[in-house]
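Data from target.txt: compact mmCIF, C-alpha atoms
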```
# COMPACT_ATOMS: atom_id res chain seq x y z
CA MET J 1 -3.07 66.26 78.74
CA ALA J 2 -4.56 66.80 75.32
CA THR J 3 -5.58 63.79 73.28
CA GLN J 4 -4.14 65.46 70.20
CA ARG J 5 -1.92 68.41 69.38
CA GLY J 6 -3.65 71.68 68.58
CA ASN J 7 -3.10 74.12 65.77
CA ASN J 8 0.51 75.21 65.29
CA LEU J 9 1.05 78.77 66.42
CA GLN J 10 4.63 78.78 65.24
CA SER J 11 7.33 76.18 64.83
CA GLY J 12 7.64 74.28 68.08
CA LEU J 13 4.41 75.53 69.64
CA ALA J 14 0.83 74.21 69.77
CA LEU J 15 -2.27 75.18 71.76
CA GLY J 16 -5.72 73.75 72.29
CA THR J 17 -8.73 73.55 74.58
CA GLY J 18 -10.66 70.63 75.99
CA ASP J 19 -12.84 69.19 78.72
CA ALA J 20 -10.81 67.03 81.09
CA SER J 21 -13.89 64.98 82.03
CA SER J 22 -14.04 63.65 78.46
CA GLN J 23 -10.33 62.85 78.31
CA LEU J 24 -9.99 60.18 80.98
CA SER J 25 -7.72 57.56 79.45
CA GLU J 26 -6.67 54.07 80.42
CA ARG J 27 -3.16 54.43 79.04
CA PRO J 28 -0.84 57.33 79.86
CA GLN J 29 0.47 59.72 77.24
CA GLN J 30 4.07 60.68 76.56
CA HIS J 31 5.33 63.29 74.13
CA ALA J 32 8.54 65.26 73.89
CA ASP J 33 7.09 68.65 74.83
CA VAL J 34 6.86 70.86 77.87
CA GLU J 35 3.15 71.17 78.67
CA LEU J 36 1.19 74.01 80.24
CA ASN J 37 -2.28 73.41 81.66
CA TYR J 38 -4.75 76.05 82.80
CA VAL J 39 -8.04 74.80 84.27
CA VAL J 40 -10.83 77.35 83.84
CA SER J 41 -13.31 75.79 86.29
CA GLY J 42 -13.62 72.54 88.19
CA GLU J 43 -10.46 70.60 88.88
CA MET J 44 -8.64 67.61 87.47
CA ALA J 45 -6.50 64.95 89.12
CA CYS J 46 -3.56 63.75 87.06
CA SER J 47 -0.84 61.17 87.34
CA ILE J 48 2.46 62.64 86.12
CA GLY J 49 5.58 60.52 86.27
CA GLY J 50 3.97 58.24 88.84
CA ARG J 51 2.89 61.08 91.12
CA GLU J 52 -0.72 62.14 91.61
CA LEU J 53 -1.45 65.84 91.38
CA THR J 54 -4.70 67.77 91.64
CA ILE J 55 -4.76 70.87 89.44
CA PRO J 56 -7.22 73.43 90.84
CA PRO J 57 -8.87 76.09 88.69
CA GLU J 58 -6.99 79.24 87.67
CA ARG J 59 -3.49 77.95 88.54
CA LEU J 60 -1.01 77.75 85.69
CA THR J 61 0.77 74.37 85.82
CA VAL J 62 3.90 73.38 83.88
CA PHE J 63 5.55 69.97 83.52
CA TRP J 64 7.74 67.93 81.18
CA ALA J 65 5.43 65.63 79.23
CA GLY J 66 8.27 63.23 78.43
CA PHE J 67 7.21 61.43 81.60
CA ALA J 68 4.06 59.32 81.34
CA HIS J 69 0.98 61.33 82.34
CA GLN J 70 -2.78 60.98 82.25
CA VAL J 71 -5.99 62.49 83.62
CA ILE J 72 -7.40 60.10 86.24
CA ARG J 73 -10.32 62.14 87.66
CA ALA J 74 -12.14 65.30 86.68
CA GLY J 75 -15.36 67.08 87.47
CA ASN J 76 -18.00 67.31 84.76
CA PRO J 77 -17.36 69.61 83.05
CA THR J 78 -13.75 70.74 83.57
CA PRO J 79 -12.82 73.07 80.70
CA TYR J 80 -9.13 73.84 80.36
CA PHE J 81 -6.46 75.18 78.01
CA TRP J 82 -3.22 73.43 77.17
CA VAL J 83 -0.02 74.51 75.44
CA HIS J 84 2.71 72.23 74.07
CA ILE J 85 6.20 73.68 73.68
CA SER J 86 8.72 71.60 71.78
CA LEU J 87 11.79 70.65 73.76
CA GLU J 88 14.12 72.45 71.38
CA ALA J 89 12.09 75.68 71.64
CA PHE J 90 11.91 75.46 75.44
CA LEU J 91 15.66 74.96 75.78
CA GLY J 92 16.28 77.94 73.50
CA TRP J 93 13.97 80.38 75.32
CA ARG J 94 15.37 83.06 77.62
CA LEU J 95 14.30 81.30 80.80
CA PRO J 96 16.56 80.69 83.80
CA ILE J 97 18.54 77.51 83.26
CA ALA J 98 17.78 76.38 86.83
CA PHE J 99 14.07 76.52 85.98
CA LYS J 100 14.53 74.59 82.73
CA GLN J 101 16.59 71.92 84.46
CA ALA J 102 14.07 71.55 87.27
CA ILE J 103 11.17 71.08 84.83
CA LEU J 104 13.09 68.60 82.68
CA ALA J 105 14.20 66.71 85.79
CA GLY J 106 10.55 66.01 86.59
CA GLN J 107 9.52 68.85 88.90
CA ILE J 108 5.96 70.11 88.43
CA CYS J 109 5.62 73.87 88.71
CA MET J 110 2.25 75.27 89.76
CA GLU J 111 1.33 78.89 90.42
CA ASN J 112 1.09 79.38 94.18
CA THR J 113 -1.93 81.66 94.08
CA GLY J 114 -4.71 82.62 91.72
CA ASP J 115 -3.78 86.31 91.80
CA ARG J 116 -3.24 86.37 88.02
CA GLN J 117 -6.47 84.55 87.19
CA SER J 118 -8.12 87.33 85.18
CA VAL J 119 -4.90 88.07 83.29
CA ASP J 120 -4.16 84.42 82.52
CA LEU J 121 -7.68 83.62 81.36
CA GLY J 122 -7.57 86.58 78.99
CA LEU J 123 -4.19 85.52 77.65
CA PHE J 124 -5.25 81.93 76.99
CA ARG J 125 -8.42 83.06 75.25
CA CYS J 126 -6.42 85.42 73.07
CA TRP J 127 -3.86 82.71 72.23
CA ALA J 128 -6.63 80.27 71.35
CA ARG J 129 -8.25 82.78 68.96
CA GLU J 130 -4.92 83.41 67.24
CA ALA J 131 -4.27 79.68 66.95
CA ASP J 132 -7.59 79.27 65.13
CA GLY J 133 -6.89 82.18 62.85
CA MET J 134 -3.28 81.20 62.07
CA MET J 135 -2.29 84.89 62.17
CA SER J 136 1.42 85.09 61.43
CA ILE J 137 2.10 88.32 63.32
CA GLY J 138 -0.16 87.29 66.19
CA SER J 139 1.61 83.96 66.32
CA CYS J 140 4.97 85.67 66.79
CA TRP J 141 3.67 87.79 69.66
CA THR J 142 1.87 84.83 71.17
CA ARG J 143 5.15 82.91 71.30
CA LEU J 144 6.83 85.82 73.07
CA GLU J 145 3.90 86.20 75.49
CA ILE J 146 4.05 82.52 76.45
CA GLU J 147 7.79 82.76 76.95
CA ALA J 148 7.36 85.86 79.13
CA ARG J 149 4.58 84.22 81.15
CA LEU J 150 6.85 81.27 81.90
CA GLY J 151 9.61 83.68 82.87
CA ARG J 152 7.34 85.33 85.45
CA LEU J 153 6.37 81.93 86.79
CA ALA J 154 10.02 80.88 86.98
CA GLU J 155 11.02 83.96 88.98
CA ALA J 156 8.21 83.33 91.48
CA THR J 157 9.05 79.67 92.19
CA PRO J 158 11.12 78.44 95.18
CA MET J 159 13.42 76.46 92.88
CA MET J 160 14.90 79.75 91.64
CA ALA J 161 16.22 80.61 95.10
CA ARG J 162 18.91 77.96 94.55
CA ARG J 163 19.90 79.02 91.04
CA ASP J 164 23.45 79.60 89.93
CA ARG J 165 23.42 83.19 88.68
CA SER J 166 26.69 82.61 86.82
CA GLN J 167 24.83 80.42 84.32
CA PRO J 168 23.84 82.01 81.00
CA ALA J 169 20.17 82.72 80.40
CA VAL J 170 20.12 80.96 77.05
CA LEU J 171 21.77 77.77 75.84
CA PRO J 172 23.61 77.93 72.49
CA GLN J 173 21.20 76.81 69.77
CA THR J 174 23.42 73.93 68.67
CA GLN J 175 23.53 72.64 72.25
CA ALA J 176 19.76 73.00 72.71
CA THR J 177 19.11 71.11 69.47
CA ALA J 178 21.50 68.27 70.32
CA ALA J 179 20.14 67.91 73.87
CA ALA J 180 16.57 67.86 72.54
CA ARG J 181 17.42 65.09 70.08
CA ILE J 182 19.02 63.02 72.85
CA ALA J 183 16.05 63.48 75.18
CA LEU J 184 13.58 62.59 72.43
CA PHE J 185 15.52 59.42 71.59
CA LEU J 186 15.65 58.33 75.23
CA ASN J 187 11.97 59.14 75.65
CA GLN J 188 11.13 56.87 72.71
CA HIS J 189 13.51 54.01 73.57
CA TYR J 190 13.87 53.91 77.36
CA SER J 191 12.07 50.57 77.56
CA GLU J 192 14.71 48.98 75.33
CA PRO J 193 18.45 48.37 75.78
CA VAL J 194 20.14 51.76 75.23
CA TYR J 195 23.68 52.13 73.90
CA TRP J 196 25.46 55.45 74.37
CA LYS J 197 27.14 55.31 70.94
CA GLU J 198 23.71 55.20 69.35
CA VAL J 199 22.48 58.04 71.55
CA ALA J 200 25.48 60.18 70.59
CA ARG J 201 25.02 59.42 66.89
CA VAL J 202 21.44 60.74 67.03
CA ALA J 203 22.82 64.10 68.20
CA GLY J 204 25.76 64.04 65.77
CA LEU J 205 28.26 64.03 68.63
CA SER J 206 30.89 61.81 70.17
CA VAL J 207 29.89 59.99 73.35
CA PRO J 208 31.91 62.35 75.64
CA SER J 209 30.47 65.42 73.88
CA ALA J 210 26.93 64.05 74.12
CA ARG J 211 27.35 63.45 77.84
CA LYS J 212 28.71 66.95 78.40
CA CYS J 213 26.01 68.59 76.25
CA PHE J 214 23.22 66.77 78.05
CA LEU J 215 24.61 67.50 81.52
CA ARG J 216 24.86 71.22 80.75
CA SER J 217 21.32 71.33 79.38
CA TYR J 218 19.52 69.11 81.89
CA GLY J 219 21.66 69.30 85.00
CA MET J 220 21.85 65.50 85.15
CA THR J 221 23.75 62.73 83.42
CA LEU J 222 22.40 60.61 80.60
CA HIS J 223 22.28 57.61 82.92
CA GLN J 224 20.35 59.54 85.58
CA TYR J 225 17.81 60.76 83.06
CA LEU J 226 17.30 57.31 81.55
CA ARG J 227 16.81 55.80 85.00
CA GLN J 228 14.35 58.56 85.88
CA LEU J 229 12.25 57.86 82.78
CA ARG J 230 12.14 54.16 83.60
CA LEU J 231 11.29 54.69 87.27
CA ALA J 232 8.55 57.21 86.48
CA ARG J 233 6.88 54.75 84.14
CA ALA J 234 7.29 51.91 86.67
CA LYS J 235 5.60 53.98 89.39
CA GLN J 236 2.72 54.78 87.08
CA MET J 237 2.26 51.12 86.19
CA MET J 238 2.27 50.14 89.88
CA ALA J 239 -0.32 52.80 90.63
CA HIS J 240 -2.69 52.17 87.74
CA THR J 241 -2.24 48.55 86.63
CA SER J 242 -2.26 45.14 88.30
CA ALA J 243 0.89 44.01 86.49
CA LYS J 244 3.39 41.99 88.50
CA ILE J 245 6.45 43.87 89.70
CA ILE J 246 8.80 41.58 87.79
CA ASP J 247 6.87 42.31 84.57
CA ILE J 248 6.95 46.04 85.28
CA ALA J 249 10.72 45.93 85.76
CA LEU J 250 11.26 44.20 82.44
CA GLU J 251 8.73 46.31 80.52
CA THR J 252 10.31 49.56 81.65
CA GLY J 253 13.77 48.64 80.39
CA PHE J 254 15.71 47.66 83.49
CA PRO J 255 18.36 45.09 82.54
CA THR J 256 17.83 42.92 85.64
CA ILE J 257 15.35 42.63 88.50
CA SER J 258 18.09 43.38 91.03
CA ASN J 259 19.01 46.55 89.14
CA PHE J 260 15.35 47.62 89.22
CA TYR J 261 15.07 47.03 92.96
CA ARG J 262 18.30 48.89 93.74
CA SER J 263 17.32 51.85 91.57
CA PHE J 264 13.78 51.99 92.94
CA GLU J 265 14.81 51.86 96.60
CA ALA J 266 17.49 54.51 96.05
CA GLU J 267 14.94 56.86 94.49
CA ALA J 268 11.77 56.10 96.46
CA GLY J 269 13.27 55.10 99.81
CA GLN J 270 11.25 51.89 99.90
CA THR J 271 10.84 48.65 98.00
CA PRO J 272 8.49 48.43 95.01
CA SER J 273 6.14 46.19 97.03
CA ALA J 274 6.04 48.66 99.91
CA TYR J 275 5.43 51.52 97.47
CA ARG J 276 2.48 49.73 95.88
CA LYS J 277 0.99 48.94 99.31
CA SER J 278 1.33 52.56 100.37
CA LEU J 279 -0.78 53.60 97.37
CA ALA J 280 -3.64 51.43 98.60
CA GLN J 281 -3.71 53.08 102.04
CA PRO J 282 -6.44 55.70 102.58
```
Taking this structure as input, can you express it in the form of structure tokens?
Amino acid sequence: MATQRGNNLQSGLALGTGDASSQLSERPQQHADVELNYVVSGEMACSIGGRELTIPPERLTVFWAGFAHQVIRAGNPTPYFWVHISLEAFLGWRLPIAFKQAILAGQICMENTGDRQSVDLGLFRCWAREADGMMSIGSCWTRLEIEARLGRLAEATPMMARRDRSQPAVLPQTQATAAARIALFLNQHYSEPVYWKEVARVAGLSVPSARKCFLRSYGMTLHQYLRQLRLARAKQMMAHTSAKIIDIALETGFPTISNFYRSFEAEAGQTPSAYRKSLAQP
């Protein structure tokens, strides 16, 4: 939830610290990174992809920051650490593909217990010191430590119980790079008309190859991902703005109002009006 990226530890990785109580923002953020948050004390309430989540202290939390997100409440003070991992780096790490796909599909992964609190706090403090010092060797080990920490988190999450163990642990680098370029393009242009030929050209692929590459990397089709980006932003606007539903539909890139309503009801199980009313209920 950082207001700006921190010092580069290594290509594709950034880390910083902040006080969530001073980072309340009216407009959500979006950036093409996987984000880790670790609250040291206090707690912060966030809106991520239209869903509200309270992050308690000493619980490592991971989410895909390509969906609109913002801090909406926080105690004073609420010190925390954050890490940004570029999409290309994340896809190339030796993490279970089922875990990667779940995160990039919008699932938020939070440590179930605070059993690792002393270890995690020490790690984040060490990483922050190395980020300030720009130590090249330390940076290399920091990158490996963050990757390993995510691996431990992945193995402990319920989503891994459904994994396909026949899948490789690592995506080919060319596939990870192409999928990252596609996701970044969609993240930047989802509110506009999107043409698959243009999407494929960004990745240097044909349209069929782009579709296959993205499906293998994300576990969903290009169309499903684009719709998910648009719906996540629409939910956030309904929750945190007074904009009319018709304006929200058009601003988030849906080609027609009827298409927006069909997509929203299929995903949320209720109409946009009913969804907005449900947010107002205590």
(request) Between CA of Arg230 (chain J) and CA of Ala274 (chain J), measure the distance and give it in Å to one decimal. (result) 18.3 Å
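Nearest-residue note for Cys109 (chain J): choosing from J:Glu43, J:Glu130, J:Glu145, J:Glu35, the minimum distance belongs to J:Glu35, counting only C-alpha atoms.
For the pair CA of Val207 (chain J) and CA of Ala232 (chain J), the interatomic distance is 25.2 Å.
CA of Ala243 (chain J) is found 17.2 Å from CA of Gly49 (chain J).
Proximity of J:Pro28, J:Gly122, J:Gly269, J:Gly16 to Cys46 (chain J), computed with all atoms listed in the file, is greatest for J:Pro28.
Nearest to Arg94 (chain J) of all the residues J:Lys235, J:Arg149, J:Arg51, J:His69 is J:Arg149, based on only C-alpha atoms.
Among J:Thr17, J:Ser258, J:Thr78, J:Ser273, the residue with the shortest atom-to-atom distance to Ala131 (chain J), counting all atoms listed in the file, is J:Thr17.
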(message) Need the shell around Thr252 (chain J): protein/DNA/RNA residues with any atom at most 12 Å away, counting only C-alpha atoms. Skip same-chain ones fewer than 3 positions apart. Format as number ranges by chain?
(response) J: 68, 187-194, 226-238, 243, 245-249, 255-257, 259-260
(request) For a cut-off of 10 Å around (22.8, 55.6, 71.0), file coordinates, pick out all residues using only C-alpha atoms and list them as an MDAnalysis selection string. (result) chainID J and resid 182 185:186 189 193:203 207 210
Identify, on the basis of only C-alpha atoms, every residue whose closest approach to region 79-83 of chain J does not exceed 8 Å; exclude the query and any residue fewer than 3 positions from it along the same chain; express the result as a PDB file with C-alpha atoms, in the coordinates of the input.
```
ATOM      1  CA  MET J   1      -3.070  66.260  78.740  1.00  0.00           C
ATOM      2  CA  ALA J   2      -4.560  66.800  75.320  1.00  0.00           C
ATOM      3  CA  LEU J  13       4.410  75.530  69.640  1.00  0.00           C
ATOM      4  CA  ALA J  14       0.830  74.210  69.770  1.00  0.00           C
ATOM      5  CA  LEU J  15      -2.270  75.180  71.760  1.00  0.00           C
ATOM      6  CA  GLY J  16      -5.720  73.750  72.290  1.00  0.00           C
ATOM      7  CA  THR J  17      -8.730  73.550  74.580  1.00  0.00           C
ATOM      8  CA  GLY J  18     -10.660  70.630  75.990  1.00  0.00           C
ATOM      9  CA  ASP J  19     -12.840  69.190  78.720  1.00  0.00           C
ATOM     10  CA  ALA J  20     -10.810  67.030  81.090  1.00  0.00           C
ATOM     11  CA  GLU J  35       3.150  71.170  78.670  1.00  0.00           C
ATOM     12  CA  LEU J  36       1.190  74.010  80.240  1.00  0.00           C
ATOM     13  CA  ASN J  37      -2.280  73.410  81.660  1.00  0.00           C
ATOM     14  CA  TYR J  38      -4.750  76.050  82.800  1.00  0.00           C
ATOM     15  CA  VAL J  39      -8.040  74.800  84.270  1.00  0.00           C
ATOM     16  CA  VAL J  40     -10.830  77.350  83.840  1.00  0.00           C
ATOM     17  CA  SER J  41     -13.310  75.790  86.290  1.00  0.00           C
ATOM     18  CA  GLY J  42     -13.620  72.540  88.190  1.00  0.00           C
ATOM     19  CA  PHE J 124      -5.250  81.930  76.990  1.00  0.00           C
TER      20      PHE J 124
END
```
(request) Go through J:Val62, J:Leu95, J:Ala280, J:Cys140 one by one, measure the shortest atom-to-atom distance of each to Met110 (chain J) using only C-alpha atoms, and give the residue with the smallest value. (result) J:Val62
